[in-house]
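Student: Below is the file data38.csv, with CSV, N, CA and C atoms.
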chain,number,residue,atom,x,y,z
D,1,MET,N,9.2,25.0,27.8
D,1,MET,CA,8.1,24.5,27.0
D,1,MET,C,7.3,25.6,26.5
D,2,THR,N,6.9,25.5,25.2
D,2,THR,CA,6.0,26.5,24.6
D,2,THR,C,4.6,26.3,25.0
D,3,THR,N,3.8,27.3,24.9
D,3,THR,CA,2.4,27.2,25.2
D,3,THR,C,1.6,27.6,24.0
D,4,GLU,N,0.4,27.0,23.9
D,4,GLU,CA,-0.5,27.5,22.9
D,4,GLU,C,-1.5,28.5,23.5
D,5,LYS,N,-2.2,29.1,22.7
D,5,LYS,CA,-3.2,30.1,23.2
D,5,LYS,C,-4.1,29.4,24.2
D,6,GLY,N,-4.3,29.9,25.3
D,6,GLY,CA,-5.1,29.3,26.3
D,6,GLY,C,-4.2,28.9,27.5
D,7,GLY,N,-2.9,29.0,27.3
D,7,GLY,CA,-2.0,28.8,28.4
D,7,GLY,C,-1.5,27.4,28.7
D,8,GLN,N,-2.1,26.4,28.0
D,8,GLN,CA,-1.7,25.0,28.3
D,8,GLN,C,-0.4,24.7,27.4
D,9,PRO,N,0.5,24.0,28.0
D,9,PRO,CA,1.7,23.7,27.2
D,9,PRO,C,1.4,22.7,26.1
D,10,THR,N,2.0,22.9,24.9
D,10,THR,CA,1.8,22.0,23.8
D,10,THR,C,2.4,20.7,24.0
D,11,LYS,N,1.7,19.7,23.5
D,11,LYS,CA,2.3,18.3,23.6
D,11,LYS,C,3.2,18.0,22.4
D,12,MET,N,3.1,18.9,21.4
D,12,MET,CA,3.9,18.7,20.1
D,12,MET,C,5.2,19.4,20.3
D,13,THR,N,6.1,18.8,21.1
D,13,THR,CA,7.4,19.3,21.3
D,13,THR,C,8.3,18.8,20.3
D,14,GLU,N,9.6,19.2,20.2
D,14,GLU,CA,10.6,18.7,19.3
D,14,GLU,C,10.8,17.2,19.5
D,15,ILE,N,10.7,16.8,20.7
D,15,ILE,CA,10.9,15.3,21.0
D,15,ILE,C,9.7,14.5,20.4
D,16,THR,N,8.5,15.0,20.7
D,16,THR,CA,7.3,14.4,20.2
D,16,THR,C,7.4,14.3,18.6
D,17,LEU,N,7.8,15.4,18.0
D,17,LEU,CA,7.8,15.4,16.5
D,17,LEU,C,8.9,14.4,16.0
D,18,LYS,N,10.0,14.3,16.7
D,18,LYS,CA,11.0,13.3,16.3
D,18,LYS,C,10.5,11.9,16.5
D,19,VAL,N,9.8,11.6,17.5
D,19,VAL,CA,9.2,10.3,17.7
D,19,VAL,C,8.2,10.0,16.6
D,20,LEU,N,7.4,10.9,16.3
D,20,LEU,CA,6.4,10.7,15.3
D,20,LEU,C,7.1,10.5,13.9
D,21,LYS,N,8.1,11.3,13.6
D,21,LYS,CA,8.8,11.1,12.3
D,21,LYS,C,9.4,9.7,12.2
D,22,LYS,N,10.1,9.2,13.3
D,22,LYS,CA,10.7,7.9,13.3
D,22,LYS,C,9.6,6.8,13.1
D,23,CYS,N,8.5,7.0,13.7
D,23,CYS,CA,7.4,6.0,13.5
D,23,CYS,C,6.9,6.0,12.1
D,24,PHE,N,6.6,7.2,11.5
D,24,PHE,CA,6.1,7.3,10.2
D,24,PHE,C,7.1,6.8,9.2
D,25,LEU,N,8.4,7.0,9.4
D,25,LEU,CA,9.4,6.4,8.5
D,25,LEU,C,9.4,4.9,8.5
D,26,ASN,N,8.9,4.3,9.6
D,26,ASN,CA,8.8,2.9,9.7
D,26,ASN,C,7.4,2.4,9.4
D,27,ASP,N,6.6,3.2,8.7
D,27,ASP,CA,5.3,2.9,8.2
D,27,ASP,C,4.2,2.6,9.3
D,28,ALA,N,4.4,3.3,10.4
D,28,ALA,CA,3.4,3.2,11.5
D,28,ALA,C,2.1,3.9,11.0
D,29,THR,N,1.0,3.4,11.5
D,29,THR,CA,-0.3,4.2,11.3
D,29,THR,C,-0.3,5.4,12.2
D,30,ASP,N,-1.2,6.3,12.0
D,30,ASP,CA,-1.3,7.5,12.8
D,30,ASP,C,-1.5,7.1,14.3
D,31,LYS,N,-2.4,6.1,14.5
D,31,LYS,CA,-2.7,5.7,15.9
D,31,LYS,C,-1.5,5.1,16.6
D,32,GLN,N,-0.7,4.2,15.8
D,32,GLN,CA,0.5,3.6,16.4
D,32,GLN,C,1.5,4.7,16.7
D,33,ALA,N,1.7,5.6,15.8
D,33,ALA,CA,2.7,6.7,16.1
D,33,ALA,C,2.3,7.5,17.3
D,34,CYS,N,1.0,7.8,17.4
D,34,CYS,CA,0.5,8.6,18.5
D,34,CYS,C,0.7,7.9,19.8
D,35,LEU,N,0.5,6.6,19.8
D,35,LEU,CA,0.7,5.8,21.0
D,35,LEU,C,2.1,5.8,21.4
D,36,GLU,N,3.0,5.7,20.5
D,36,GLU,CA,4.5,5.7,20.8
D,36,GLU,C,4.9,7.1,21.3
D,37,ALA,N,4.3,8.2,20.7
D,37,ALA,CA,4.7,9.5,21.1
D,37,ALA,C,4.0,10.0,22.4
D,38,GLY,N,3.0,9.3,22.8
D,38,GLY,CA,2.3,9.7,24.0
D,38,GLY,C,1.3,10.8,23.8
D,39,ILE,N,0.7,10.9,22.6
D,39,ILE,CA,-0.3,11.9,22.3
D,39,ILE,C,-1.5,11.2,21.8
D,40,THR,N,-2.6,12.0,21.7
D,40,THR,CA,-3.8,11.4,21.1
D,40,THR,C,-3.8,11.7,19.6
D,41,PRO,N,-4.6,11.0,18.8
D,41,PRO,CA,-4.7,11.3,17.4
D,41,PRO,C,-5.3,12.7,17.2
D,42,THR,N,-6.2,13.1,18.0
D,42,THR,CA,-6.7,14.5,17.9
D,42,THR,C,-5.6,15.5,18.0
D,43,THR,N,-4.7,15.3,18.9
D,43,THR,CA,-3.5,16.3,19.0
D,43,THR,C,-2.8,16.3,17.7
D,44,LEU,N,-2.5,15.1,17.1
D,44,LEU,CA,-1.8,15.1,15.8
D,44,LEU,C,-2.6,15.8,14.7
D,45,TYR,N,-3.9,15.5,14.6
D,45,TYR,CA,-4.7,16.0,13.5
D,45,TYR,C,-4.8,17.6,13.7
D,46,ASN,N,-5.0,18.0,14.9
D,46,ASN,CA,-5.0,19.5,15.1
D,46,ASN,C,-3.7,20.1,14.7
D,47,TYR,N,-2.6,19.5,15.0
D,47,TYR,CA,-1.3,20.0,14.6
D,47,TYR,C,-1.2,20.1,13.1
D,48,GLN,N,-1.6,19.0,12.4
D,48,GLN,CA,-1.5,18.9,11.0
D,48,GLN,C,-2.4,20.0,10.3
D,49,GLU,N,-3.5,20.3,11.0
D,49,GLU,CA,-4.4,21.3,10.4
D,49,GLU,C,-3.8,22.7,10.5
D,50,LYS,N,-3.0,22.9,11.6
D,50,LYS,CA,-2.3,24.2,11.7
D,50,LYS,C,-1.0,24.3,10.9
D,51,HIS,N,-0.5,23.1,10.6
D,51,HIS,CA,0.8,23.0,9.9
D,51,HIS,C,0.7,22.1,8.7
D,52,PRO,N,0.0,22.5,7.6
D,52,PRO,CA,-0.2,21.6,6.5
D,52,PRO,C,1.1,21.0,5.9
D,53,GLU,N,2.2,21.8,6.0
D,53,GLU,CA,3.5,21.2,5.5
D,53,GLU,C,3.9,20.0,6.2
D,54,TYR,N,3.5,19.9,7.5
D,54,TYR,CA,3.8,18.7,8.3
D,54,TYR,C,3.0,17.4,7.7
D,55,LEU,N,1.8,17.6,7.4
D,55,LEU,CA,1.0,16.6,6.8
D,55,LEU,C,1.6,16.1,5.5
D,56,GLU,N,2.1,17.0,4.7
D,56,GLU,CA,2.8,16.6,3.4
D,56,GLU,C,4.1,15.8,3.7
D,57,LEU,N,4.8,16.2,4.7
D,57,LEU,CA,6.0,15.5,5.1
D,57,LEU,C,5.7,14.1,5.6
D,58,LYS,N,4.6,14.0,6.5
D,58,LYS,CA,4.2,12.7,7.0
D,58,LYS,C,3.8,11.8,5.9
D,59,THR,N,3.1,12.3,4.9
D,59,THR,CA,2.7,11.4,3.8
D,59,THR,C,4.0,10.9,3.1
D,60,LEU,N,5.0,11.7,2.9
D,60,LEU,CA,6.2,11.2,2.3
D,60,LEU,C,6.9,10.2,3.2
D,61,TRP,N,7.0,10.5,4.4
D,61,TRP,CA,7.7,9.6,5.4
D,61,TRP,C,7.1,8.2,5.3
D,62,LYS,N,5.8,8.1,5.2
D,62,LYS,CA,5.1,6.8,5.2
D,62,LYS,C,5.4,6.0,3.9
D,63,GLU,N,6.0,6.6,2.9
D,63,GLU,CA,6.4,5.9,1.7
D,63,GLU,C,7.8,5.2,1.9
D,64,ASN,N,8.5,5.5,3.0
D,64,ASN,CA,9.9,5.1,3.2
D,64,ASN,C,10.1,3.6,3.1
D,65,VAL,N,9.2,2.8,3.8
D,65,VAL,CA,9.4,1.4,3.8
D,65,VAL,C,9.1,0.8,2.4
D,66,LYS,N,8.1,1.3,1.7
D,66,LYS,CA,7.8,0.8,0.4
D,66,LYS,C,9.0,1.1,-0.5
D,67,LEU,N,9.6,2.2,-0.4
D,67,LEU,CA,10.8,2.5,-1.2
D,67,LEU,C,12.0,1.6,-0.9
D,68,LYS,N,12.2,1.3,0.4
D,68,LYS,CA,13.2,0.3,0.8
D,68,LYS,C,12.9,-1.1,0.3
D,69,ALA,N,11.7,-1.5,0.3
D,69,ALA,CA,11.3,-2.8,-0.2
D,69,ALA,C,11.6,-2.8,-1.7
D,70,LYS,N,11.2,-1.8,-2.4
D,70,LYS,CA,11.5,-1.8,-3.9
D,70,LYS,C,13.0,-1.8,-4.1
D,71,GLN,N,13.8,-1.1,-3.3
D,71,GLN,CA,15.2,-1.1,-3.5
D,71,GLN,C,15.8,-2.5,-3.3
D,72,ASN,N,15.2,-3.2,-2.3
D,72,ASN,CA,15.7,-4.6,-2.0
D,72,ASN,C,15.3,-5.5,-3.2
D,73,LEU,N,14.1,-5.3,-3.8
D,73,LEU,CA,13.8,-6.1,-5.0
D,73,LEU,C,14.7,-5.8,-6.1
D,74,VAL,N,15.0,-4.6,-6.4
D,74,VAL,CA,15.9,-4.2,-7.5
D,74,VAL,C,17.3,-4.8,-7.3
D,75,ASP,N,17.7,-4.7,-6.0
D,75,ASP,CA,19.1,-5.3,-5.7
D,75,ASP,C,19.1,-6.8,-6.1
D,76,LYS,N,18.0,-7.5,-5.6
D,76,LYS,CA,18.0,-9.0,-5.9
D,76,LYS,C,17.9,-9.2,-7.4
D,77,ILE,N,17.1,-8.5,-8.1
D,77,ILE,CA,16.9,-8.6,-9.5
D,77,ILE,C,18.3,-8.4,-10.2
D,78,GLN,N,19.0,-7.4,-9.8
D,78,GLN,CA,20.3,-7.0,-10.4
D,78,GLN,C,21.3,-8.1,-10.1
D,79,GLU,N,21.1,-8.8,-9.0
D,79,GLU,CA,22.0,-9.9,-8.6
D,79,GLU,C,21.7,-11.2,-9.5
D,80,GLY,N,20.6,-11.1,-10.2
D,80,GLY,CA,20.2,-12.3,-11.0
D,80,GLY,C,19.3,-13.2,-10.4
D,81,ASP,N,18.6,-12.9,-9.3
D,81,ASP,CA,17.7,-13.7,-8.6
D,81,ASP,C,16.5,-13.9,-9.5
D,82,THR,N,16.3,-15.1,-10.1
D,82,THR,CA,15.2,-15.3,-11.0
D,82,THR,C,13.9,-15.5,-10.3
D,83,ASP,N,13.9,-16.0,-9.1
D,83,ASP,CA,12.6,-16.1,-8.4
D,83,ASP,C,12.0,-14.7,-8.1
D,84,VAL,N,12.9,-13.8,-7.6
D,84,VAL,CA,12.4,-12.4,-7.4
D,84,VAL,C,12.0,-11.7,-8.7
D,85,SER,N,12.8,-12.0,-9.7
D,85,SER,CA,12.4,-11.4,-11.0
D,85,SER,C,11.1,-11.9,-11.5
D,86,LYS,N,10.8,-13.2,-11.4
D,86,LYS,CA,9.5,-13.7,-11.8
D,86,LYS,C,8.4,-13.1,-10.9
D,87,TRP,N,8.6,-13.1,-9.6
D,87,TRP,CA,7.6,-12.6,-8.7
D,87,TRP,C,7.3,-11.1,-9.1
D,88,TYR,N,8.3,-10.3,-9.3
D,88,TYR,CA,8.1,-8.9,-9.6
D,88,TYR,C,7.4,-8.7,-10.9
D,89,SER,N,7.8,-9.5,-11.9
D,89,SER,CA,7.2,-9.4,-13.2
D,89,SER,C,5.7,-9.8,-13.2
D,90,GLU,N,5.4,-10.8,-12.5
D,90,GLU,CA,4.0,-11.2,-12.4
D,90,GLU,C,3.1,-10.2,-11.8
D,91,ARG,N,3.7,-9.3,-11.0
D,91,ARG,CA,2.9,-8.3,-10.3
D,91,ARG,C,3.0,-6.9,-10.9
D,92,ARG,N,4.1,-6.6,-11.5
D,92,ARG,CA,4.3,-5.3,-12.1
D,92,ARG,C,4.1,-5.2,-13.6
D,93,ALA,N,4.2,-6.3,-14.3
D,93,ALA,CA,4.0,-6.4,-15.7
D,93,ALA,C,3.0,-7.5,-16.0
D,94,LYS,N,1.8,-7.3,-15.4
D,94,LYS,CA,0.8,-8.3,-15.5
D,94,LYS,C,0.3,-8.6,-16.9
D,95,GLU,N,0.3,-7.6,-17.8
D,95,GLU,CA,-0.2,-7.9,-19.1
D,95,GLU,C,0.7,-8.8,-19.9
D,96,GLU,N,2.0,-9.0,-19.5
D,96,GLU,CA,2.9,-9.9,-20.1
D,96,GLU,C,3.1,-11.2,-19.3
D,97,PHE,N,3.1,-11.1,-17.9
D,97,PHE,CA,3.6,-12.1,-17.1
D,97,PHE,C,2.6,-12.7,-16.1
D,98,SER,N,1.4,-12.2,-16.1
D,98,SER,CA,0.5,-12.6,-15.1
D,98,SER,C,0.1,-14.1,-15.3
D,99,ILE,N,0.1,-14.8,-14.1
D,99,ILE,CA,-0.4,-16.2,-14.2
D,99,ILE,C,-1.8,-16.4,-13.9
D,100,ARG,N,-2.5,-15.3,-13.5
D,100,ARG,CA,-3.9,-15.2,-13.2
D,100,ARG,C,-4.7,-15.2,-14.5
D,101,GLN,N,-5.8,-16.0,-14.5
D,101,GLN,CA,-6.7,-16.0,-15.6
D,101,GLN,C,-7.8,-15.0,-15.4
D,102,GLU,N,-8.0,-14.1,-16.3
D,102,GLU,CA,-9.0,-13.1,-16.2
D,102,GLU,C,-10.4,-13.6,-16.5
D,103,LEU,N,-11.4,-13.3,-15.7
D,103,LEU,CA,-12.7,-13.7,-15.9
D,103,LEU,C,-13.6,-12.5,-16.3
D,104,THR,N,-12.9,-11.3,-16.4
D,104,THR,CA,-13.6,-10.1,-16.8
D,104,THR,C,-12.7,-9.5,-17.8
D,105,GLY,N,-13.3,-8.5,-18.6
D,105,GLY,CA,-12.5,-7.8,-19.6
D,105,GLY,C,-11.6,-6.7,-18.9
D,106,ALA,N,-10.9,-6.0,-19.6
D,106,ALA,CA,-9.9,-5.0,-19.1
D,106,ALA,C,-10.6,-4.0,-18.2
D,107,ASP,N,-11.8,-3.6,-18.5
D,107,ASP,CA,-12.5,-2.6,-17.7
D,107,ASP,C,-13.5,-3.2,-16.7
D,108,GLY,N,-13.4,-4.5,-16.5
D,108,GLY,CA,-14.3,-5.1,-15.6
D,108,GLY,C,-15.6,-5.6,-16.2
D,109,GLU,N,-15.8,-5.4,-17.5
D,109,GLU,CA,-17.0,-5.8,-18.1
D,109,GLU,C,-17.0,-7.4,-18.3
D,110,GLU,N,-18.2,-7.9,-18.5
D,110,GLU,CA,-18.3,-9.3,-18.7
D,110,GLU,C,-17.7,-9.7,-20.0
D,111,ILE,N,-17.0,-10.9,-20.0
D,111,ILE,CA,-16.5,-11.4,-21.3
D,111,ILE,C,-17.4,-12.6,-21.7
D,112,GLY,N,-17.6,-12.8,-22.9
D,112,GLY,CA,-18.5,-13.9,-23.4
D,112,GLY,C,-17.8,-15.2,-23.1
D,113,VAL,N,-18.5,-16.1,-22.6
D,113,VAL,CA,-18.0,-17.5,-22.4
D,113,VAL,C,-19.0,-18.4,-23.1
D,114,VAL,N,-18.4,-19.3,-23.9
D,114,VAL,CA,-19.1,-20.3,-24.6
D,114,VAL,C,-19.0,-21.6,-23.9
D,115,ILE,N,-20.1,-22.2,-23.5
D,115,ILE,CA,-20.0,-23.5,-22.8
D,115,ILE,C,-20.5,-24.5,-23.8
D,116,LEU,N,-19.6,-25.4,-24.1
D,116,LEU,CA,-19.9,-26.5,-25.0
D,116,LEU,C,-20.5,-27.6,-24.3
D,117,PRO,N,-21.5,-28.3,-24.9
D,117,PRO,CA,-22.1,-29.5,-24.2
D,117,PRO,C,-21.0,-30.6,-24.1
D,118,SER,N,-21.2,-31.3,-23.0
D,118,SER,CA,-20.3,-32.4,-22.7
D,118,SER,C,-20.5,-33.5,-23.8
D,119,LYS,N,-19.5,-34.4,-23.9
D,119,LYS,CA,-19.5,-35.5,-24.9
D,119,LYS,C,-20.8,-36.4,-24.7
D,120,GLU,N,-21.2,-36.6,-23.4
D,120,GLU,CA,-22.3,-37.5,-23.2
D,120,GLU,C,-23.6,-36.9,-23.8
D,121,ILE,N,-23.8,-35.6,-23.6
D,121,ILE,CA,-25.0,-35.0,-24.2
D,121,ILE,C,-24.9,-35.0,-25.7
D,122,GLN,N,-23.8,-34.8,-26.3
D,122,GLN,CA,-23.7,-34.9,-27.7
D,122,GLN,C,-24.0,-36.3,-28.2
D,123,ASP,N,-23.6,-37.3,-27.5
D,123,ASP,CA,-23.8,-38.7,-27.9
D,123,ASP,C,-25.3,-39.1,-27.8
D,124,ASP,N,-26.1,-38.4,-27.0
D,124,ASP,CA,-27.5,-38.7,-26.9
D,124,ASP,C,-28.3,-38.1,-28.0
D,125,LYS,N,-27.8,-37.2,-28.7
D,125,LYS,CA,-28.5,-36.6,-29.8
D,125,LYS,C,-28.6,-37.5,-31.0
D,126,PRO,N,-29.8,-37.5,-31.6
D,126,PRO,CA,-30.0,-38.4,-32.7
D,126,PRO,C,-29.1,-37.9,-33.9
D,127,THR,N,-28.6,-38.8,-34.6
D,127,THR,CA,-27.8,-38.4,-35.8
D,127,THR,C,-28.7,-38.3,-37.0
D,128,VAL,N,-28.4,-37.4,-37.9
D,128,VAL,CA,-29.3,-37.2,-39.0
D,128,VAL,C,-28.6,-37.8,-40.3
Could you show the structure in this file as structure tokens?

Tutor:
Amino acid sequence: MTTEKGGQPTKMTEITLKVLKKCFLNDATDKQACLEAGITPTTLYNYQEKHPEYLELKTLWKENVKLKAKQNLVDKIQEGDTDVSKWYSERRAKEEFSIRQELTGADGEEIGVVILPSKEIQDDKPTV
């Protein structure tokens, strides 16, 4: 076992790093991965500070599940699944396919809304 300065053995062994990688590839949070690896978040963060390339890899590994989900969607769309195609289009091509009605403008600014009086109010007005 390797030791860090100060003589205490490091908890960031090859086995620990493999467990962490597996967890991050499965979209685990830092806390969840640390729990599985038997280390504290502080140990992970100290290691990342000393090894910035590890933090970069961890960030990439956490994208794995999202990539697999996208691949599944693409596979279904290519198979001709119209429900998945519709779902994907409503979320990824909102300007064309969104079913949501916007109550604000594109940049979040207020849009003008004209409220017309109801028929009963119009009927109460005297005619000229």

Student: Between atom CA of Leu73 of chain D and atom CA of Ala33 of chain D, what distance in Å does the model show, to one decimal?

Tutor: 27.1 Å

Student: Rounded to one decimal, what separation in Å do you get between atom C of Lys66 of chain D and atom C of Leu44 of chain D?

Tutor: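 Atom C of Leu44 of chain D lies at a distance of 24.1 Å from atom C of Lys66 of chain D.
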
Student: From the DSSP assignment of the backbone, select every residue of segment 5-110 of chain D that is helix (DSSP H, G or I), and format the answer as a PyMOL selection string.

Tutor: chain D and resi 14-25+30-37+41-50+52-61+64-78+82-92+94-97

Student: Using only C-alpha atoms, which of D:Phe97, D:Trp61, D:Tyr88, D:Phe24 sits nearest Val74 of chain D?

Tutor: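 Ranked by minimum distance to Val74 of chain D, first place goes to D:Tyr88.
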
Student: What's the 7 Å shell around segment 26-31 of chain D, counting only N, CA and C atoms, without same-chain residues fewer than 6 positions away, as a PyMOL selection string?

Tutor: chain D and resi 41+61-65
